[in-house]
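Undergrad: Here it is: the structure, laid out below.
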Amino acid sequence: MRTNMAVASYFLFKQEIPHITNRRPMLSALSLVHPEVEHWFRTRPANTHYLSARNSTDWLEACGATVKDSTVEKVKNSLTTFKKFAYMADECTDANGHQVLSHCVRYLDVKGRPVDAFLDVQVIEDTSAASVTTHILEKLNACQLDPKEMAARAFDGAASFSGRYGGVQALLREKCNTNLSYTHCRGHLLQLALVRAAEASKDIKKAINLMSSLYSFFSKSPNRLNILENIEDTLGLKFKFNLGKPAGCLMSDPWLLSKITPAIITGFGKYLPRWDGCK
C-alpha cells in the first residue's frame with residue numbers, strides 16, 4: 001500500500017498538483033484498485049489528513065522506505081552488469097542530539113554513467129570505528145548488497161573513518177576486499193579548501209565577522225528584529241530573517257550573505273538615528 005501511495009503522491013508532486021488538498025481524492029482513486037486502501041479509507045476517514053504527528057511520521061517513513069527499496073533495486077540491476085558498487089558514509093549529530101550515520105552508494109546506470117544515491121540513515125550510539133563498520137556491514141546485508149562487491153569507499157578526513165590502520169576504511173578493507181580503494185570525500189575536500197581560502201583573505205574574514213556581529217546583535221532582541229524587518233521592507237527585500245535558527249546558520253548560506261550584506265550596510269546610514277532605540 002505504501003508503494004502505491006508513494007507513486008500516486010509522486011505523480012501529484014511531479015505535476016505540481018497540491019498534494020495536501022488532493023489527498024482524499026488520491027486515496028479515493030487508490031481505493032478503487034487496492035482493497036487495503038479501500039478498507040482503510042472507509043473505516044478510518046478521520047485519519048486521512050496531515051494534522052496528526054503520527055500520520056506525518058508514518059508517511060515520511062513510508063516514503064523513505066520506498067526510496068530505499070527503489071535505490072536498492074537499481075543497485076542490484078547495476079551489479080548484474082558491472083559487478084561493483086561504491087559506498088559512502090558520514091556521521092553527524094542531528095537536531096535532537098542523536099548520533100546519526102548516513103549511508104550512500106554510487107553505482108553505474110544502464111548507460112554506464114555513475115549515479116550517487118542516498119540509501120538510508122540510522123541512529124547509532126557508538127561512533128567508534130569498529131561499531132560504525134559493523135553498522136555499515138549490517139546495513140548492506142539487510143539491503144541484500146554483498147559487501148565483497150564493494151569496489152571503493154569514501155569518507156571525510158576524520159580519523160575514525162579515514163585512519164589507515166584502525167579507521168572504518170581499514171576495517172572494511174580487512175573484512176570485505178583487500179584491494180578496496182579509499183577516496184577522501186571530494187565534497188569535504190572542497191569545503192576544507194574554501195575554509196582555508198576564507199581564512200587567508202582579510203576581506204572575507206571581515207565580512208564574516210561583520211555578519212556574525214549583526215546576527216548576534218539582532219537575534220537577542222525582538223525590538224532590534226522589528227527594526228531590521230522595517231529596513232528590509234523599505235529596501236524592498238523579499239525575504240525575512242529567520243533568527244530562530246542556531247547561531248551561525250545565516251553565515252553558512254553564501255546566497256543569503258550576498259543579498260543581506262549590501263542591504264544592511266545601505267540601511268545603516270539612512271536608519272542610524274533609529275539604532276539608538278536598540279540599546
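Ordered as shown in the C-alpha cells, chains take letters A, B, and onward, while each chain numbers its residues from 1 and ligands are numbered from 1 in the order shown.
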Give me, as JSON, numbers by chain, the residues of stretch 67-273 of chain A that a backbone DSSP run labels strand (DSSP E or B).
TA: {"A": [85, 86, 87, 88, 89, 90, 91, 92, 93, 99, 100, 101, 102, 103, 104, 105, 106, 107, 108, 114, 115, 116, 117, 118, 119, 120, 121, 122, 123, 124, 150, 151, 152, 153, 154, 155, 181, 182, 183, 184]}
Undergrad: Do a neighbour search on stretch 124-133 of chain A at 7 Å with only C-alpha atoms, toss out local chain neighbours closer than 3 positions, and write the hits as an MDAnalysis selection string.
TA: chainID A and resid 99:101 136:137 160:161 167:168 171:172
Undergrad: Would you save the residues from that selection as a PDB file, in the first residue's frame, using N, CA, C and O atoms?
TA:
```
ATOM      1  N   GLN A  99      23.344  10.781  17.526  1.00  0.00           N
ATOM      2  CA  GLN A  99      24.385  10.471  16.558  1.00  0.00           C
ATOM      3  C   GLN A  99      23.744   9.709  15.399  1.00  0.00           C
ATOM      4  O   GLN A  99      23.075   8.701  15.604  1.00  0.00           O
ATOM      5  N   VAL A 100      23.939  10.213  14.179  1.00  0.00           N
ATOM      6  CA  VAL A 100      23.272   9.649  13.004  1.00  0.00           C
ATOM      7  C   VAL A 100      24.314   9.244  11.967  1.00  0.00           C
ATOM      8  O   VAL A 100      25.254   9.980  11.690  1.00  0.00           O
ATOM      9  N   LEU A 101      24.124   8.064  11.405  1.00  0.00           N
ATOM     10  CA  LEU A 101      25.015   7.558  10.355  1.00  0.00           C
ATOM     11  C   LEU A 101      24.235   7.513   9.041  1.00  0.00           C
ATOM     12  O   LEU A 101      23.188   6.871   8.954  1.00  0.00           O
ATOM     13  N   ILE A 136      27.674  -0.556   9.082  1.00  0.00           N
ATOM     14  CA  ILE A 136      27.737  -0.498   7.623  1.00  0.00           C
ATOM     15  C   ILE A 136      27.512  -1.877   7.014  1.00  0.00           C
ATOM     16  O   ILE A 136      26.707  -2.045   6.084  1.00  0.00           O
ATOM     17  N   LEU A 137      28.199  -2.868   7.534  1.00  0.00           N
ATOM     18  CA  LEU A 137      28.069  -4.222   7.000  1.00  0.00           C
ATOM     19  C   LEU A 137      26.662  -4.760   7.223  1.00  0.00           C
ATOM     20  O   LEU A 137      26.086  -5.430   6.351  1.00  0.00           O
ATOM     21  N   SER A 160      38.506   8.416  12.744  1.00  0.00           N
ATOM     22  CA  SER A 160      37.706   7.207  12.947  1.00  0.00           C
ATOM     23  C   SER A 160      37.243   6.606  11.620  1.00  0.00           C
ATOM     24  O   SER A 160      36.992   5.407  11.526  1.00  0.00           O
ATOM     25  N   PHE A 161      37.156   7.435  10.583  1.00  0.00           N
ATOM     26  CA  PHE A 161      36.748   6.946   9.271  1.00  0.00           C
ATOM     27  C   PHE A 161      37.938   6.700   8.354  1.00  0.00           C
ATOM     28  O   PHE A 161      38.028   5.674   7.692  1.00  0.00           O
ATOM     29  N   GLY A 167      40.893   2.810  11.235  1.00  0.00           N
ATOM     30  CA  GLY A 167      39.697   3.509  10.799  1.00  0.00           C
ATOM     31  C   GLY A 167      38.704   2.596  10.095  1.00  0.00           C
ATOM     32  O   GLY A 167      38.989   1.423   9.822  1.00  0.00           O
ATOM     33  N   VAL A 168      37.535   3.143   9.809  1.00  0.00           N
ATOM     34  CA  VAL A 168      36.500   2.369   9.136  1.00  0.00           C
ATOM     35  C   VAL A 168      36.997   1.862   7.784  1.00  0.00           C
ATOM     36  O   VAL A 168      36.746   0.712   7.409  1.00  0.00           O
ATOM     37  N   LEU A 171      39.159  -1.174   8.308  1.00  0.00           N
ATOM     38  CA  LEU A 171      38.399  -2.348   8.747  1.00  0.00           C
ATOM     39  C   LEU A 171      37.580  -2.936   7.606  1.00  0.00           C
ATOM     40  O   LEU A 171      37.459  -4.163   7.485  1.00  0.00           O
ATOM     41  N   LEU A 172      37.015  -2.071   6.748  1.00  0.00           N
ATOM     42  CA  LEU A 172      36.270  -2.576   5.596  1.00  0.00           C
ATOM     43  C   LEU A 172      37.194  -3.295   4.628  1.00  0.00           C
ATOM     44  O   LEU A 172      36.814  -4.309   4.020  1.00  0.00           O
TER      45      LEU A 172
END
```
Undergrad: So which bits of stretch 68-161 of chain A end up alpha helix (DSSP H) when you DSSP the backbone, as a VMD selection string?
TA: chain A and resid 68 to 82 129 to 142 159 to 161
Undergrad: One number please: atom CA of A:Asp203 to atom CA of A:Leu190, in Å, one decimal.
TA: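 A separation of 20.1 Å between them.
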